[in-house]
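Q: Pasting entry_10.txt here (compact mmCIF, C-alpha atoms):
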# COMPACT_ATOMS: atom_id res chain seq x y z
CA MET N 1 5.16 51.63 18.31
CA ARG N 2 2.55 48.86 18.28
CA ILE N 3 2.99 48.28 14.51
CA LYS N 4 6.75 48.03 14.98
CA THR N 5 6.27 45.38 17.74
CA LEU N 6 3.89 43.39 15.52
CA LEU N 7 6.30 43.59 12.60
CA VAL N 8 9.23 42.36 14.74
CA GLY N 9 7.07 39.48 16.04
CA LEU N 10 6.06 38.52 12.50
CA VAL N 11 9.67 38.51 11.33
CA LEU N 12 10.79 36.36 14.28
CA THR N 13 8.01 33.79 13.86
CA SER N 14 8.60 33.67 10.11
CA GLY N 15 12.26 32.83 10.72
CA LEU N 16 11.28 29.98 13.05
CA ALA N 17 8.78 28.62 10.56
CA VAL N 18 11.41 28.51 7.83
CA ARG N 19 13.80 26.52 10.07
CA ALA N 20 11.19 23.93 11.02
CA LYS N 21 10.69 20.86 8.84
CA ALA N 22 7.08 19.82 8.50
CA SER N 23 5.96 16.22 8.90
CA THR N 24 4.65 14.45 5.82
CA LYS N 25 1.72 12.05 5.86
CA GLU N 26 0.13 10.27 2.88
CA GLN N 27 -2.82 7.94 3.21
CA ASP N 28 -4.85 6.23 0.48
CA ASP N 29 -7.41 3.47 0.96
CA ASN N 30 -9.23 3.57 -2.39
CA GLN N 31 -11.05 0.27 -3.05
CA PHE N 32 -12.48 1.44 -6.40
CA ARG N 33 -9.16 1.10 -8.23
CA GLU N 34 -9.02 -1.03 -11.37
CA ASP N 35 -6.63 -3.56 -9.81
CA VAL N 36 -8.91 -4.07 -6.79
CA ILE N 37 -12.02 -4.57 -8.91
CA ALA N 38 -10.25 -6.89 -11.38
CA CYS N 39 -8.89 -8.94 -8.46
CA GLU N 40 -12.36 -9.23 -6.91
CA GLU N 41 -13.83 -10.34 -10.24
CA ALA N 42 -11.08 -12.95 -10.58
CA VAL N 43 -11.70 -14.25 -7.04
CA SER N 44 -15.43 -14.48 -7.70
CA HIS N 45 -14.89 -16.36 -10.97
CA VAL N 46 -12.35 -18.74 -9.42
CA ASN N 47 -14.72 -19.43 -6.50
CA GLU N 48 -17.40 -20.41 -9.02
CA CYS N 49 -15.03 -22.70 -10.93
CA CYS N 50 -12.86 -24.17 -8.15
CA ALA N 51 -14.85 -25.65 -5.28
CA GLY N 52 -13.37 -25.10 -1.84
CA LEU N 53 -10.76 -22.54 -2.86
CA ALA N 54 -9.52 -20.57 0.16
CA VAL N 55 -8.76 -16.89 -0.42
CA GLN N 56 -7.04 -14.82 2.25
CA ALA N 57 -9.20 -11.97 3.57
CA ASP N 58 -7.10 -9.10 2.18
CA ALA N 59 -6.29 -10.70 -1.20
CA CYS N 60 -7.79 -7.80 -3.15
CA HIS N 61 -7.31 -4.98 -0.65
CA TYR N 62 -5.32 -1.82 -1.46
CA SER N 63 -3.97 0.73 0.99
CA HIS N 64 -1.00 3.04 1.16
CA TYR N 65 0.28 4.85 4.23
CA TYR N 66 3.45 6.91 4.42
CA TYR N 67 4.63 9.03 7.32
CA GLU N 68 7.84 11.00 7.64
CA GLY N 69 8.42 12.69 10.98
CA ASP N 70 10.02 16.02 11.78
CA CYS N 71 13.78 15.82 12.25
CA GLY N 72 14.00 18.13 15.23
CA CYS N 73 17.76 18.47 14.79
CA GLU N 74 17.94 21.52 17.01
CA GLU N 75 16.96 19.30 19.95
CA GLY N 76 19.15 16.39 18.75
CA GLY N 77 16.15 14.41 17.47
CA SER N 78 16.09 11.87 14.69
CA PRO N 79 13.86 11.79 11.62
CA GLU N 80 11.73 8.72 11.20
CA SER N 81 9.65 7.32 8.37
CA ARG N 82 7.15 4.52 8.05
CA ARG N 83 5.59 3.05 4.94
CA ASP N 84 2.83 0.42 4.81
CA ASP N 85 1.51 -0.78 1.48
CA VAL N 86 -1.07 -3.45 0.71
CA TRP N 87 -1.69 -4.41 -2.93
CA PRO N 88 -4.07 -6.89 -4.55
CA VAL N 89 -2.33 -10.26 -4.96
CA VAL N 90 -2.91 -10.11 -8.72
CA THR N 91 -2.44 -7.18 -11.08
CA ALA N 92 -5.35 -5.70 -13.01
CA ALA N 93 -4.20 -7.46 -16.21
CA GLU N 94 -3.85 -10.81 -14.43
CA GLY N 95 -7.26 -10.36 -12.77
CA HIS N 96 -8.91 -9.74 -16.16
CA ARG N 97 -7.12 -12.76 -17.63
CA ILE N 98 -8.23 -15.06 -14.79
CA ALA N 99 -11.83 -13.84 -14.99
CA GLY N 100 -11.86 -14.76 -18.69
CA VAL N 101 -10.66 -18.37 -18.29
CA ASP N 102 -13.28 -21.06 -18.90
CA CYS N 103 -14.11 -23.17 -15.79
CA ALA N 104 -13.36 -26.44 -17.62
CA ALA N 105 -9.91 -25.14 -18.57
CA MET N 106 -9.29 -24.05 -14.97
CA GLN N 107 -10.21 -27.49 -13.63
CA ALA N 108 -8.29 -29.50 -16.26
CA LYS N 109 -5.29 -31.41 -14.90
CA ASP N 110 -1.87 -30.72 -16.40
CA ALA N 111 0.74 -33.39 -17.06
CA ASP N 112 2.01 -32.99 -13.49
CA GLY N 113 -1.49 -33.62 -12.06
CA THR N 114 -2.17 -30.04 -10.96
CA SER N 115 -4.76 -27.64 -12.31
CA GLN N 116 -5.03 -23.87 -12.62
CA CYS N 117 -7.34 -24.07 -9.58
CA THR N 118 -4.44 -25.46 -7.55
CA ARG N 119 -2.04 -22.79 -8.76
CA LEU N 120 -4.58 -20.01 -8.19
CA ALA N 121 -5.25 -21.25 -4.65
CA ALA N 122 -1.57 -20.61 -3.90
CA GLU N 123 -1.69 -17.23 -5.70
CA PHE N 124 -4.64 -16.01 -3.61
CA GLN N 125 -2.91 -17.00 -0.36
CA LYS N 126 0.16 -14.80 -0.95
CA VAL N 127 1.07 -12.12 1.55
CA ASN N 128 0.31 -8.85 -0.23
CA GLU N 129 1.64 -6.25 2.13
CA SER N 130 4.98 -4.61 2.67
CA HIS N 131 6.22 -2.51 5.56
CA SER N 132 9.28 -0.41 6.05
CA SER N 133 10.35 2.00 8.72
CA SER N 134 13.54 3.84 9.44
CA VAL N 135 15.06 6.15 11.99
CA SER N 136 18.22 8.00 11.03
CA SER N 137 20.43 10.57 12.64
CA CYS N 138 20.03 14.19 11.66
CA HIS N 139 23.74 14.15 10.89
CA ASP N 140 23.07 11.74 7.97
CA TYR N 141 21.79 14.66 5.93
Turn the structure described in the file into C-alpha cells.
A:
Amino acid sequence: MRIKTLLVGLVLTSGLAVRAKASTKEQDDNQFREDVIACEEAVSHVNECCAGLAVQADACHYSHYYYEGDCGCEEGGSPESRRDDVWPVVTAAEGHRIAGVDCAAMQAKDADGTSQCTRLAAEFQKVNESHSSSVSSCHDY
C-alpha cells in the first residue's frame, strides 16, 4: 500500500512540474574578453597621446544580464523579461586599430581643425549600455 501511495504522489508532482514554466536567468560579467582588453589598450594609448582626454568610467566594461520570469497563467499572472547589456564603446577591431595609430597622427589637425584626439574623446564618452524590459499577458502566447 505504501508503494502505491508513493507512486501516486510521484505521478501527481510530476504532472505539476510539467505544467510549470521555469524562470530563465543569464548573467555574464567577463572582463577578459577580447573587446574589453582591446578597448582598454586603446584608452591607454589615447591617454598617452591626447592630453586631458576624458573617458567615461564604463567605456570598456562588458556585462550581460537577462531574466525571464515565470508566466503563472494559472493564477492570471503575466510573464516578464528584463535585459541589460553593457558593451565596450569600441569593437575589438577598432580598439586594435586605435592602439596602433601613431601619436603624431592622432594629434594632427584635419582641414576642419579637429584631430583624431577630438573625435576619440567623443567616442569614449558614448553611452554603451542598453536596457529592455517587458511584461505581457499570458493570453499573448
Q: One number please: CA of Tyr62 in chain N to CA of Ser44 in chain N, in Å, one decimal.
A: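 Pair CA of Tyr62 in chain N / CA of Ser44 in chain N returns 17.4 Å.
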Q: CA of Val89 in chain N and CA of Ala105 in chain N, how far apart in Å?
A: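 Separation of CA of Ala105 in chain N and CA of Val89 in chain N: 21.5 Å.
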Q: Pick the closest to Ile98 in chain N from N:Val36, N:Val46, N:Ala57, N:Ala121: which is it, counting all atoms listed in the file?
A: N:Val46
Q: Between N:Glu80, N:Glu94, N:Asp102, N:Asp112, which residue has the minimum interatomic distance to Glu34 in chain N, considering all atoms listed in the file?
A: N:Glu94
Q: Just give me the gap between CA of Asn128 in chain N and CA of Val55 in chain N in Å, one decimal is fine.
A: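 For CA of Asn128 in chain N relative to CA of Val55 in chain N, the distance reads 12.1 Å.
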Q: Measuring atom to atom with only C-alpha atoms, identify which of N:Ser63, N:Gln125, N:Gln31, N:Asn47 is nearest to Met106 in chain N.
A: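 Ranked by minimum distance to Met106 in chain N, first place goes to N:Asn47.
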Q: Using only C-alpha atoms, which residue out of N:Thr91, N:Asp28, N:Ala99, N:Gln116 lies closest to Tyr66 in chain N?
A: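 Result for the nearest residue to Tyr66 in chain N: N:Asp28.
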Q: Using only C-alpha atoms, find the one residue out of N:Val90, N:Glu129, N:Thr118, N:Ala108 that sits nearest to Glu41 in chain N.
A: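 Distance minimum relative to Glu41 in chain N lands on N:Val90.
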